[in-house]
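**Student:** Have a peek at upload-v4.txt (compact mmCIF, C-alpha atoms).
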# COMPACT_ATOMS: atom_id res chain seq x y z
CA MET A 1 -20.00 17.10 -7.12
CA ARG A 2 -18.06 19.18 -4.63
CA VAL A 3 -16.80 17.24 -1.59
CA ALA A 4 -15.25 18.73 1.57
CA HIS A 5 -13.00 16.26 3.37
CA VAL A 6 -12.70 17.18 7.06
CA ILE A 7 -9.79 15.53 8.92
CA SER A 8 -7.81 16.65 11.97
CA GLU A 9 -4.40 16.55 10.24
CA PHE A 10 -3.44 15.40 6.76
CA SER A 11 -0.44 13.42 5.58
CA GLY A 12 -0.56 11.36 2.42
CA ARG A 13 2.05 9.03 3.95
CA GLU A 14 -0.18 8.00 6.88
CA ALA A 15 -2.93 5.38 6.65
CA MET A 16 -5.87 7.79 6.96
CA GLY A 17 -4.33 10.29 4.58
CA ARG A 18 -3.53 7.58 2.07
CA THR A 19 -7.15 6.42 2.11
CA VAL A 20 -8.38 9.98 1.54
CA THR A 21 -5.86 10.43 -1.28
CA GLU A 22 -6.97 7.29 -3.07
CA THR A 23 -10.60 8.38 -2.74
CA VAL A 24 -9.83 11.81 -4.18
CA GLN A 25 -7.91 10.34 -7.11
CA ARG A 26 -10.44 7.62 -7.94
CA VAL A 27 -13.85 9.18 -7.24
CA PRO A 28 -14.86 11.90 -9.74
CA GLY A 29 -15.61 15.26 -8.21
CA GLU A 30 -14.11 18.49 -6.93
CA HIS A 31 -12.42 17.51 -3.68
CA HIS A 32 -11.39 20.03 -1.01
CA LEU A 33 -9.48 19.46 2.23
CA VAL A 34 -10.30 21.12 5.56
CA THR A 35 -7.79 20.38 8.33
CA THR A 36 -5.61 21.88 11.03
CA HIS A 37 -2.41 21.32 9.09
CA VAL A 38 -1.22 19.70 5.86
CA VAL A 39 1.99 17.74 6.44
CA ASP A 40 2.33 16.55 2.84
CA GLY A 41 0.25 15.41 -0.12
CA GLY A 42 -2.12 18.37 -0.31
CA HIS A 43 -1.54 18.76 -4.05
CA VAL A 44 -4.18 16.11 -4.87
CA PHE A 45 -7.01 18.41 -3.75
CA ALA A 46 -8.69 21.19 -5.71
CA GLY A 47 -8.26 23.34 -2.61
CA THR A 48 -6.78 23.02 0.88
CA HIS A 49 -7.88 24.96 3.96
CA GLU A 50 -5.62 24.86 7.03
CA LEU A 51 -7.52 26.12 10.07
CA GLY A 52 -4.76 25.64 12.64
CA GLY A 53 -5.47 24.83 16.27
CA SER A 54 -5.13 21.64 18.29
CA LEU A 55 -5.48 18.21 16.72
CA GLU A 56 -7.14 16.90 19.87
CA THR A 57 -10.00 19.44 19.77
CA PHE A 58 -10.48 19.72 15.99
CA PRO A 59 -12.96 20.74 14.67
CA MET A 60 -14.59 21.85 17.94
CA GLY A 61 -11.89 24.45 18.55
CA ARG A 62 -12.30 26.07 15.13
CA ALA A 63 -16.07 26.49 14.84
CA ALA A 64 -16.17 29.94 13.23
CA GLU A 65 -13.31 29.16 10.85
CA LEU A 66 -14.89 25.87 9.77
CA ALA A 67 -18.29 27.48 9.21
CA GLY A 68 -16.72 30.22 7.11
CA VAL A 69 -14.74 27.83 4.91
CA LEU A 70 -17.75 25.61 4.26
CA ALA A 71 -20.03 28.57 3.54
CA GLY A 72 -17.58 29.81 0.92
CA MET A 73 -17.11 26.38 -0.57
CA ARG A 74 -20.78 25.31 -0.58
CA PRO A 75 -20.04 21.56 -0.74
CA ASP A 76 -22.60 19.05 -1.96
CA LEU A 77 -21.25 16.64 0.65
CA VAL A 78 -19.03 16.77 3.74
CA HIS A 79 -16.95 13.64 4.29
CA VAL A 80 -15.74 13.52 7.89
CA HIS A 81 -12.70 11.31 8.54
CA ALA A 82 -12.24 10.45 12.21
CA GLY A 83 -11.86 7.85 14.90
CA ALA A 84 -14.54 6.62 17.26
CA LEU A 85 -15.41 10.18 18.29
CA GLY A 86 -16.63 10.81 14.76
CA PRO A 87 -20.27 10.28 15.78
CA LEU A 88 -19.93 13.25 18.14
CA LEU A 89 -17.95 15.39 15.70
CA VAL A 90 -20.67 15.22 13.04
CA LEU A 91 -22.96 17.08 15.47
CA HIS A 92 -20.80 20.18 14.94
CA PRO A 93 -23.12 23.14 14.15
CA ALA A 94 -21.01 24.13 11.13
CA LEU A 95 -21.76 20.75 9.50
CA ARG A 96 -25.51 20.86 10.09
CA PRO A 97 -26.55 22.34 6.68
CA TYR A 98 -24.76 19.68 4.62
CA PRO A 99 -25.25 16.00 3.80
CA LYS A 100 -22.59 14.09 5.73
CA LEU A 101 -20.69 10.85 5.26
CA LEU A 102 -18.56 9.53 8.10
CA THR A 103 -15.53 7.26 7.90
CA VAL A 104 -14.58 5.81 11.28
CA TYR A 105 -11.09 4.39 10.87
CA ALA A 106 -10.92 2.67 14.24
CA TRP A 107 -12.62 2.27 17.60
CA PRO A 108 -9.50 2.22 19.80
CA THR A 109 -9.51 1.55 23.51
CA LEU A 110 -6.87 1.88 26.19
CA PRO A 111 -4.63 -1.18 26.61
CA GLY A 112 -5.57 -3.60 29.37
CA PRO A 113 -3.32 -4.38 32.36
CA ARG A 114 -1.47 -7.19 30.58
CA ALA A 115 -0.90 -5.16 27.41
CA LEU A 116 0.36 -2.17 29.41
CA ARG A 117 3.40 -4.21 30.39
CA ARG A 118 4.53 -4.33 26.75
CA GLY A 119 5.87 -0.78 26.78
CA THR A 120 6.65 2.23 28.94
CA LEU A 121 4.19 5.04 29.52
CA ARG A 122 6.49 7.43 27.64
CA GLU A 123 6.59 5.13 24.60
CA MET A 124 2.82 4.73 24.57
CA TRP A 125 2.14 8.41 25.15
CA SER A 126 4.32 9.46 22.21
CA SER A 127 2.39 7.13 19.86
CA ASN A 128 -1.27 6.49 19.06
CA VAL A 129 -1.67 4.09 21.99
CA LEU A 130 -2.25 6.54 24.85
CA ARG A 131 -4.01 9.67 23.68
CA PRO A 132 -6.82 11.74 25.22
CA ARG A 133 -9.10 10.73 22.35
CA VAL A 134 -8.34 7.07 22.99
CA ALA A 135 -9.31 7.52 26.64
CA ALA A 136 -12.54 9.22 25.60
CA THR A 137 -13.27 6.41 23.16
CA THR A 138 -12.80 3.81 25.87
CA VAL A 139 -15.62 5.26 27.96
CA LEU A 140 -17.89 6.30 25.05
CA PRO A 141 -21.12 4.24 25.26
CA PRO A 142 -22.15 2.92 21.82
CA PRO A 143 -25.81 3.93 22.42
CA LEU A 144 -24.67 7.54 22.88
CA ALA A 145 -22.72 7.38 19.63
CA ALA A 146 -25.73 5.89 17.83
CA ALA A 147 -28.01 8.63 19.16
CA ALA A 148 -25.56 11.31 18.00
CA LEU A 149 -25.50 9.83 14.50
CA ARG A 150 -29.31 9.86 14.30
CA ARG A 151 -29.44 13.47 15.43
CA ALA A 152 -26.77 14.48 12.91
CA GLY A 153 -28.60 12.69 10.10
CA VAL A 154 -25.71 10.36 9.29
CA THR A 155 -27.08 7.23 7.62
CA THR A 156 -23.87 5.59 6.36
CA ILE A 157 -20.54 4.85 8.01
CA LEU A 158 -17.50 3.53 6.16
CA THR A 159 -14.95 1.62 8.22
CA PRO A 160 -12.07 -0.86 7.90
CA ASP A 161 -12.35 -1.82 11.60
CA PRO A 162 -14.55 -4.79 12.60
CA ARG A 163 -15.02 -3.28 16.07
CA VAL A 164 -16.90 -0.30 14.62
CA GLU A 165 -19.43 -2.69 13.12
CA GLU A 166 -19.71 -4.53 16.43
CA ARG A 167 -20.47 -1.33 18.34
CA LEU A 168 -22.63 0.64 15.91
CA GLY A 169 -24.20 -2.04 13.72
CA ARG A 170 -27.64 -2.35 15.23
CA PRO A 171 -31.26 -2.32 13.96
CA GLY A 172 -32.40 1.16 13.12
CA GLY A 173 -28.84 2.48 13.11
CA PRO A 174 -26.71 3.69 10.21
CA GLU A 175 -25.59 1.34 7.48
CA ILE A 176 -22.08 0.12 8.29
CA VAL A 177 -20.04 -0.43 5.13
CA ARG A 178 -16.88 -2.44 5.77
CA TYR A 179 -13.85 -2.30 3.51
CA ALA A 180 -10.22 -3.37 3.54
CA CYS A 181 -7.66 -1.35 1.65
CA GLY A 182 -4.03 -0.74 0.89
CA ALA A 183 -3.30 -3.17 -1.93
CA PRO A 184 -1.79 -1.46 -4.99
CA ASP A 185 -1.83 -2.84 -8.51
CA ASP A 186 1.80 -3.79 -9.10
CA GLU A 187 3.30 -6.62 -11.15
CA ARG A 188 6.55 -7.02 -9.20
CA ARG A 189 6.92 -10.11 -7.02
CA ALA A 190 9.17 -11.12 -4.15
CA ARG A 191 11.38 -14.20 -4.66
CA PHE A 192 12.64 -16.85 -2.28
CA ASP A 193 16.36 -16.56 -1.47
CA ARG A 194 17.86 -19.13 0.85
CA GLU A 195 21.42 -17.80 0.82
CA SER A 196 21.11 -14.06 1.48
CA PRO A 197 17.50 -13.29 2.48
CA VAL A 198 16.24 -9.91 3.69
CA ILE A 199 13.69 -9.23 6.43
CA VAL A 200 12.05 -5.82 6.03
CA PHE A 201 10.11 -3.54 8.37
CA ALA A 202 8.62 -0.21 7.27
CA GLY A 203 6.97 2.32 9.54
CA ARG A 204 7.46 4.81 12.35
CA ALA A 205 10.51 4.48 14.56
CA GLU A 206 8.47 3.58 17.63
CA THR A 207 8.93 0.86 20.21
CA VAL A 208 5.17 0.26 20.29
CA ARG A 209 5.58 -1.08 16.75
CA GLY A 210 7.70 -3.89 18.12
CA LEU A 211 11.09 -2.77 16.88
CA ASP A 212 12.70 -3.86 20.15
CA THR A 213 11.01 -7.25 19.80
CA LEU A 214 12.32 -7.54 16.25
CA LEU A 215 15.87 -6.58 17.18
CA ASP A 216 15.86 -9.08 20.07
CA ALA A 217 14.56 -11.82 17.75
CA PHE A 218 17.03 -11.04 14.99
CA GLY A 219 19.99 -12.45 16.90
CA THR A 220 18.28 -15.86 17.07
CA VAL A 221 17.37 -15.66 13.39
CA ARG A 222 21.00 -14.96 12.45
CA GLU A 223 22.13 -18.08 14.31
CA ARG A 224 19.89 -20.23 12.10
CA VAL A 225 20.18 -18.19 8.90
CA PRO A 226 23.71 -16.70 8.88
CA GLY A 227 23.29 -14.79 5.62
CA VAL A 228 20.13 -12.93 6.66
CA ARG A 229 19.91 -9.14 6.72
CA LEU A 230 17.41 -6.88 8.44
CA ARG A 231 16.31 -3.74 6.60
CA LEU A 232 14.53 -1.09 8.68
CA LEU A 233 12.74 1.63 6.69
CA LEU A 234 11.96 4.10 9.46
CA ILE A 235 9.96 7.30 9.66
CA PRO A 236 11.89 9.34 12.27
CA ARG A 237 10.24 9.71 15.66
CA PRO A 238 11.64 10.76 19.09
CA GLU A 239 12.68 7.17 19.86
CA LEU A 240 14.87 6.91 16.77
CA PRO A 241 18.26 7.48 18.50
CA ALA A 242 17.59 4.72 21.04
CA ILE A 243 16.46 2.35 18.29
CA LEU A 244 19.54 3.13 16.21
CA ALA A 245 21.78 2.45 19.19
CA ARG A 246 20.08 -0.88 19.75
CA ALA A 247 20.28 -1.80 16.07
CA GLY A 248 23.98 -0.94 15.98
CA SER A 249 24.81 -3.89 18.22
CA ALA A 250 24.10 -6.24 15.29
CA GLY A 251 26.80 -4.62 13.16
CA GLU A 252 26.56 -4.69 9.38
CA ALA A 253 23.69 -7.18 9.29
CA ILE A 254 21.15 -4.36 9.77
CA ASP A 255 20.46 -1.60 7.26
CA VAL A 256 18.65 1.45 8.66
CA VAL A 257 17.01 3.92 6.26
CA THR A 258 15.55 7.12 7.71
CA GLU A 259 15.12 9.13 4.50
CA PRO A 260 11.81 8.88 2.59
CA VAL A 261 11.76 5.70 0.51
CA PRO A 262 10.95 6.55 -3.12
CA ASP A 263 9.80 3.03 -4.02
CA LEU A 264 8.38 1.14 -1.04
CA LEU A 265 6.84 -1.59 -3.20
CA GLY A 266 10.23 -2.15 -4.79
CA GLU A 267 11.73 -2.59 -1.32
CA PHE A 268 9.09 -5.19 -0.49
CA ALA A 269 9.54 -7.03 -3.77
CA ALA A 270 13.30 -7.21 -3.15
CA ALA A 271 12.89 -8.72 0.34
CA GLN A 272 12.01 -12.26 1.42
CA VAL A 273 9.90 -11.64 4.55
CA GLY A 274 8.07 -8.60 5.89
CA THR A 275 7.29 -8.25 9.58
CA TRP A 276 5.17 -5.89 11.65
CA PRO A 277 5.40 -7.09 15.28
CA PHE A 278 3.08 -4.44 16.74
CA LYS A 279 2.56 -4.56 20.51
CA PHE A 280 -0.89 -2.98 20.83
CA ASP A 281 -4.27 -3.27 19.15
CA TYR A 282 -4.22 0.25 17.73
CA THR A 283 -0.57 0.92 17.12
CA THR A 284 -1.91 2.16 13.78
CA SER A 285 -5.38 2.41 12.30
CA PRO A 286 -6.69 -0.80 10.74
CA PRO A 287 -5.57 -2.12 8.41
CA ALA A 288 -1.79 -2.10 8.88
CA MET A 289 -1.31 -0.69 5.40
CA ALA A 290 2.37 -1.51 4.86
CA LEU A 291 1.55 -5.13 5.64
CA VAL A 292 -1.13 -5.12 2.94
CA GLU A 293 1.28 -3.57 0.43
CA ALA A 294 3.79 -6.31 1.20
CA MET A 295 1.15 -8.98 0.58
CA ALA A 296 0.27 -7.31 -2.72
CA VAL A 297 3.74 -8.02 -4.17
CA GLY A 298 3.82 -11.60 -2.86
CA LEU A 299 6.00 -10.96 0.19
CA PRO A 300 5.15 -13.38 3.03
CA VAL A 301 4.40 -11.53 6.27
CA VAL A 302 4.65 -12.09 10.00
CA GLY A 303 2.40 -9.98 12.21
CA THR A 304 1.11 -10.06 15.76
CA ASP A 305 -2.26 -10.81 17.27
CA VAL A 306 -3.48 -7.20 17.51
CA ALA A 307 -6.54 -5.50 16.02
CA CYS A 308 -4.79 -3.40 13.36
CA VAL A 309 -3.17 -6.57 11.97
CA ARG A 310 -6.14 -8.93 12.48
CA ALA A 311 -8.16 -6.70 10.14
CA VAL A 312 -6.25 -8.23 7.19
CA LEU A 313 -4.07 -11.12 8.36
CA GLU A 314 -5.61 -14.59 8.72
CA PRO A 315 -3.10 -16.65 10.71
CA GLY A 316 -1.99 -19.72 8.81
CA VAL A 317 -3.87 -18.60 5.70
CA ASN A 318 -2.26 -15.47 4.23
CA GLY A 319 0.50 -14.96 6.79
CA LEU A 320 1.88 -15.94 10.18
CA SER A 321 0.79 -14.39 13.48
CA VAL A 322 2.64 -14.46 16.81
CA PRO A 323 1.89 -13.01 20.25
CA PRO A 324 2.98 -9.39 20.81
CA ALA A 325 6.28 -8.72 22.62
CA ASP A 326 7.45 -12.33 22.23
CA PRO A 327 10.93 -12.38 20.58
CA PRO A 328 11.31 -16.21 20.60
CA ALA A 329 7.94 -16.67 18.85
CA LEU A 330 8.77 -13.98 16.31
CA ALA A 331 12.16 -15.58 15.65
CA ARG A 332 10.57 -19.00 15.06
CA ALA A 333 8.08 -17.56 12.55
CA LEU A 334 10.75 -15.66 10.66
CA ILE A 335 13.03 -18.71 10.55
CA GLU A 336 10.19 -20.86 9.21
CA LEU A 337 9.60 -18.54 6.28
CA LEU A 338 13.30 -18.05 5.57
CA THR A 339 14.13 -21.77 5.52
CA ASP A 340 10.98 -23.55 4.30
CA GLU A 341 10.52 -22.74 0.61
CA VAL A 342 7.25 -24.67 0.36
CA ALA A 343 5.71 -22.64 3.19
CA TRP A 344 7.20 -19.42 1.79
CA ARG A 345 5.60 -19.98 -1.60
CA ARG A 346 2.25 -20.92 -0.06
CA TYR A 347 2.06 -17.66 1.91
CA ALA A 348 3.40 -15.62 -0.99
CA VAL A 349 0.56 -16.81 -3.21
CA ALA A 350 -2.15 -16.62 -0.53
CA GLY A 351 -1.11 -13.13 0.56
CA ARG A 352 -1.12 -11.88 -3.00
CA GLU A 353 -4.55 -13.39 -3.68
CA SER A 354 -6.15 -11.96 -0.54
CA ALA A 355 -4.70 -8.51 -1.26
CA ARG A 356 -5.88 -8.60 -4.87
CA ASP A 357 -9.35 -9.98 -4.19
CA HIS A 358 -10.29 -8.22 -0.95
CA MET A 359 -7.99 -5.27 -0.21
CA GLY A 360 -7.62 -3.37 -3.48
CA TRP A 361 -8.07 0.39 -3.59
CA GLU A 362 -10.63 0.07 -6.33
CA GLN A 363 -12.97 -1.99 -4.14
CA ALA A 364 -12.56 0.37 -1.19
CA THR A 365 -13.11 3.58 -3.14
CA ASP A 366 -16.04 2.07 -5.04
CA ARG A 367 -17.81 1.86 -1.68
CA ALA A 368 -17.11 5.52 -1.02
CA ALA A 369 -18.35 6.46 -4.50
CA ALA A 370 -21.58 4.53 -3.96
CA ALA A 371 -22.16 6.35 -0.66
CA TYR A 372 -21.49 9.71 -2.35
CA ARG A 373 -24.02 8.93 -5.07
CA ALA A 374 -26.66 7.89 -2.56
CA LEU A 375 -26.25 11.07 -0.51
CA THR A 376 -26.01 13.56 -3.35
CA GLY A 377 -28.78 11.81 -5.29
CA GLY A 378 -31.02 12.18 -2.28
CA LEU A 379 -30.09 15.85 -2.05
CA ALA A 380 -30.95 16.42 -5.71
CA HIS A 381 -34.30 14.71 -5.22
CA ARG A 382 -35.15 16.89 -2.23
CA LEU A 383 -34.20 20.08 -4.07
CA THR A 384 -36.24 19.10 -7.12
CA SER A 385 -39.31 18.03 -5.17
CA GLY A 386 -39.13 21.11 -2.94
Can the structure in the file be given as structure tokens, please?
**Tutor:**
Amino acid sequence: MRVAHVISEFSGREAMGRTVTETVQRVPGEHHLVTTHVVDGGHVFAGTHELGGSLETFPMGRAAELAGVLAGMRPDLVHVHAGALGPLLVLHPALRPYPKLLTVYAWPTLPGPRALRRGTLREMWSSNVLRPRVAATTVLPPPLAAAALRRAGVTTILTPDPRVEERLGRPGGPEIVRYACGAPDDERRARFDRESPVIVFAGRAETVRGLDTLLDAFGTVRERVPGVRLRLLLIPRPELPAILARAGSAGEAIDVVTEPVPDLLGEFAAAQVGTWPFKFDYTTSPPAMALVEAMAVGLPVVGTDVACVRAVLEPGVNGLSVPPADPPALARALIELLTDEVAWRRYAVAGRESARDHMGWEQATDRAAAAYRALTGGLAHRLTSG
């Protein structure tokens, strides 16, 4: 089985790229990548094809190049990886000759008036929160998306986002296959440490991810837990200098790492609490994958009440949830987990169990493999009967 994975840009370190990578490594077949640009991780594919051009218009802006690559490859299946505009992208003329599977990673919408006050326009524009595709998604009528899918012949959609099911799951529409992912199989476990605990955050150096909220809350946490340290594992972004300046005010109690972390799971297992205080529903694509990885090694987590976290965090069950952009609430949640060993152990166990039972890569990629079999089996039947 030869599969062409079509995605606007590929990085194995990002949530979408990580999902594609796990699929390629776990589902038998000859997997090829078609994209504008490979940032990293392209070695897992049998072949990579960088078409160049703009991320915002891909693949529409590279019609001839896309058609040529696919004609030379002759895939049995084209797997399109996209956001909510995926139903329109699968109408691309170059994709018409091939069976298609669509993964819609999120159905993002523009923040409402109240949420807009959580950050500046510059901060939101430089992240995933305010993008032209997000604006287009906000006004995209679900019936139009459903009609496009019928016309393109797409019968199955994979998604980790409950909102995709809400908008496209209707009688006569495509089958919506939900999955949660991100949990690795690792035997290391976090341990409670009352004397010198560590709070860890891992992700892009962006204010929309709540780093300012976390730094504001940390002062209160230090008053109650004097030995606590904050470890920030940051992927550099334009806001990094301002974040570093803000973090510097806490002196030696904050460790900032901006180089690639060779063992992220080891970092989580060595900490006592993980926190992802995102400010907006779609700061990242659901699920917030680093949060899931933390759960997988028994690290209790504190998140916020936003869509990319709600996809995996059940407040009071497998973690704690607080309102976005609320430093006092975040501080209270962190202090609870750092000082209450009974609560810490309860969330450590529950988070590990939910990650193992519902968010493992094997479960997620099994769903992709089943969809591949259904589509390519149908193709074989049509060729034989024809």
**Student:** Between A:Ala115, A:Ala205, A:Leu110, A:Ala369, single out the one closest to Val24 of chain A, counting all atoms listed in the file.
**Tutor:** A:Ala369
**Student:** Would you mind telling me which residue in A:Ala296, A:Leu265, A:Pro324, A:Gly41 lies nearest to Leu116 of chain A when using only C-alpha atoms?
**Tutor:**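 Ranked by minimum distance to Leu116 of chain A, first place goes to A:Pro324.
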**Student:** Pick the closest to Thr57 of chain A from A:Asp255, A:Asp326, A:Glu9, A:Glu187: which is it, counting all atoms listed in the file?
**Tutor:** A:Glu9
**Student:** Quote the spacing between atom CA of Arg114 of chain A and atom CA of Pro323 of chain A in Å to one decimal place.
**Tutor:**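 A separation of 12.3 Å between them.
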**Student:** Suppose you want the space between atom CA of Phe280 of chain A and atom CA of Leu101 of chain A; what is it in Å?
**Tutor:**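 Spanning atom CA of Phe280 of chain A to atom CA of Leu101 of chain A is a straight-line distance of 28.7 Å.
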**Student:** How close does segment 257-357 of chain A get to segment 11-15 of chain A? List, as a tab-separated table, each residue of segment 257-357 of chain A within 12 Å, its nearest atom pair and the distance in Å to one decimal, counting only C-alpha atoms.
**Tutor:**
residue	atom	partner	partner_atom	distance
A:Pro260	CA	A:Arg13	CA	9.9
A:Val261	CA	A:Arg13	CA	10.8
A:Pro262	CA	A:Arg13	CA	11.6
A:Leu264	CA	A:Arg13	CA	11.3
A:Thr283	CA	A:Ala15	CA	11.6
A:Thr284	CA	A:Ala15	CA	7.9
A:Ser285	CA	A:Ala15	CA	6.8
A:Pro286	CA	A:Ala15	CA	8.3
A:Pro287	CA	A:Ala15	CA	8.1
A:Ala288	CA	A:Ala15	CA	7.9
A:Met289	CA	A:Ala15	CA	6.4
A:Ala290	CA	A:Ala15	CA	8.9
A:Leu291	CA	A:Ala15	CA	11.5
A:Val292	CA	A:Ala15	CA	11.3
A:Glu293	CA	A:Ala15	CA	11.7
A:Cys308	CA	A:Ala15	CA	11.2
**Student:** Work out how far apart atom CA of Val256 of chain A and atom CA of Leu232 of chain A are and give it in Å to one decimal.
**Tutor:**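 It comes out at 4.8 Å.
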**Student:** Identify, on the basis of only C-alpha atoms, every residue whose closest approach to Val208 of chain A does not exceed 8 Å; exclude the query and any residue fewer than 2 positions from it along the same chain; express the result as a JSON list (two decimals) with C-alpha atoms, in the coordinates of the input.
**Tutor:**
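Dumped to part-v8.json:
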[["chain", "number", "residue", "atom", "x", "y", "z"],
["A", 118, "ARG", "CA", 4.53, -4.33, 26.75],
["A", 119, "GLY", "CA", 5.87, -0.78, 26.78],
["A", 123, "GLU", "CA", 6.59, 5.13, 24.60],
["A", 124, "MET", "CA", 2.82, 4.73, 24.57],
["A", 127, "SER", "CA", 2.39, 7.13, 19.86],
["A", 206, "GLU", "CA", 8.47, 3.58, 17.63],
["A", 210, "GLY", "CA", 7.70, -3.89, 18.12],
["A", 211, "LEU", "CA", 11.09, -2.77, 16.88],
["A", 278, "PHE", "CA", 3.08, -4.44, 16.74],
["A", 279, "LYS", "CA", 2.56, -4.56, 20.51],
["A", 280, "PHE", "CA", -0.89, -2.98, 20.83],
["A", 283, "THR", "CA", -0.57, 0.92, 17.12]]
**Student:** Using only C-alpha atoms, which of the listed residues (A:Arg131, A:Arg224, A:Arg204, A:Arg18) sits closest to Val257 of chain A?
**Tutor:** A:Arg204
**Student:** Ranking A:Ile335, A:Val20, A:Met359, A:Val139 by minimum distance to Val44 of chain A and counting only C-alpha atoms, which one comes first?
**Tutor:**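 Of the candidates, the smallest distance to Val44 of chain A is held by A:Val20.
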**Student:** Would you list the contacts of Phe218 of chain A as a compact mmCIF listing (two decimals) with C-alpha atoms, in the coordinates of the input, taking every protein, DNA or RNA residue within 12 Å and counting only C-alpha atoms, but skipping same-chain residues closer than 5 positions in sequence?
**Tutor:**
# COMPACT_ATOMS: atom_id res chain seq x y z
CA VAL A 198 16.24 -9.91 3.69
CA ILE A 199 13.69 -9.23 6.43
CA VAL A 200 12.05 -5.82 6.03
CA LEU A 211 11.09 -2.77 16.88
CA ASP A 212 12.70 -3.86 20.15
CA THR A 213 11.01 -7.25 19.80
CA GLU A 223 22.13 -18.08 14.31
CA ARG A 224 19.89 -20.23 12.10
CA VAL A 225 20.18 -18.19 8.90
CA PRO A 226 23.71 -16.70 8.88
CA GLY A 227 23.29 -14.79 5.62
CA VAL A 228 20.13 -12.93 6.66
CA ARG A 229 19.91 -9.14 6.72
CA LEU A 230 17.41 -6.88 8.44
CA ARG A 231 16.31 -3.74 6.60
CA ARG A 246 20.08 -0.88 19.75
CA ALA A 247 20.28 -1.80 16.07
CA SER A 249 24.81 -3.89 18.22
CA ALA A 250 24.10 -6.24 15.29
CA GLY A 251 26.80 -4.62 13.16
CA ALA A 253 23.69 -7.18 9.29
CA ILE A 254 21.15 -4.36 9.77
CA THR A 275 7.29 -8.25 9.58
CA PRO A 327 10.93 -12.38 20.58
CA PRO A 328 11.31 -16.21 20.60
CA ALA A 329 7.94 -16.67 18.85
CA LEU A 330 8.77 -13.98 16.31
CA ALA A 331 12.16 -15.58 15.65
CA ARG A 332 10.57 -19.00 15.06
CA ALA A 333 8.08 -17.56 12.55
CA LEU A 334 10.75 -15.66 10.66
CA ILE A 335 13.03 -18.71 10.55
**Student:** Skip Ala343 of chain A itself and residues of its chain fewer than 5 positions away, then list as a ChimeraX atom specification all residues within 10 Å of it, counting only C-alpha atoms.
**Tutor:** /A:300,316,319,336-338,348
**Student:** Residues as selected, C-alpha atoms, written as a compact mmCIF listing (two decimals), keeping the file's coordinate frame, can you do that?
**Tutor:**
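Written output follows (again00.txt):
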# COMPACT_ATOMS: atom_id res chain seq x y z
CA PRO A 300 5.15 -13.38 3.03
CA GLY A 316 -1.99 -19.72 8.81
CA GLY A 319 0.50 -14.96 6.79
CA GLU A 336 10.19 -20.86 9.21
CA LEU A 337 9.60 -18.54 6.28
CA LEU A 338 13.30 -18.05 5.57
CA ALA A 348 3.40 -15.62 -0.99
**Student:** Given the choices A:Leu121, A:Ala245, A:Val134, A:Ala148, which gets closest to His92 of chain A if the distance is worked out from all atoms listed in the file?
**Tutor:** A:Ala148
**Student:** So that I can check the surroundings of Gly172 of chain A, please list as a PyMOL selection string every protein, DNA and RNA residue that reaches within 10 Å of it, counting all atoms listed in the file and ignoring chain neighbours fewer than 2 positions away.
**Tutor:** chain A and resi 146+150+155+169-170+174-175
**Student:** What's around Leu320 of chain A at 8 Å? Count only C-alpha atoms, leave out sequence neighbours fewer than 2 positions away in its own chain, and write the answer as a list of chain:residue names.
**Tutor:** A:Val301, A:Val302, A:Gly303, A:Leu313, A:Glu314, A:Pro315, A:Gly316, A:Val317, A:Asn318, A:Val322, A:Ala333
**Student:** Write out N, CA and C atoms for segment 287-296 of chain A, as a compact mmCIF listing (two decimals), in the frame of the given file.
**Tutor:**
# COMPACT_ATOMS: atom_id res chain seq x y z
N PRO A 287 -6.52 -1.02 8.31
CA PRO A 287 -5.57 -2.12 8.41
C PRO A 287 -4.14 -1.60 8.48
N ALA A 288 -3.21 -2.47 8.91
CA ALA A 288 -1.79 -2.10 8.88
C ALA A 288 -1.39 -2.05 7.41
N MET A 289 -1.35 -0.84 6.85
CA MET A 289 -1.31 -0.69 5.40
C MET A 289 -0.03 -1.20 4.76
N ALA A 290 1.12 -1.00 5.43
CA ALA A 290 2.37 -1.51 4.86
C ALA A 290 2.33 -3.03 4.75
N LEU A 291 1.69 -3.68 5.70
CA LEU A 291 1.55 -5.13 5.64
C LEU A 291 0.75 -5.55 4.41
N VAL A 292 -0.32 -4.82 4.12
CA VAL A 292 -1.13 -5.12 2.94
C VAL A 292 -0.33 -4.91 1.66
N GLU A 293 0.46 -3.84 1.61
CA GLU A 293 1.28 -3.57 0.43
C GLU A 293 2.31 -4.68 0.22
N ALA A 294 2.86 -5.20 1.32
CA ALA A 294 3.79 -6.31 1.20
C ALA A 294 3.10 -7.54 0.62
N MET A 295 1.92 -7.86 1.12
CA MET A 295 1.15 -8.98 0.58
C MET A 295 0.91 -8.81 -0.92
N ALA A 296 0.66 -7.57 -1.34
CA ALA A 296 0.27 -7.31 -2.72
C ALA A 296 1.37 -7.67 -3.71
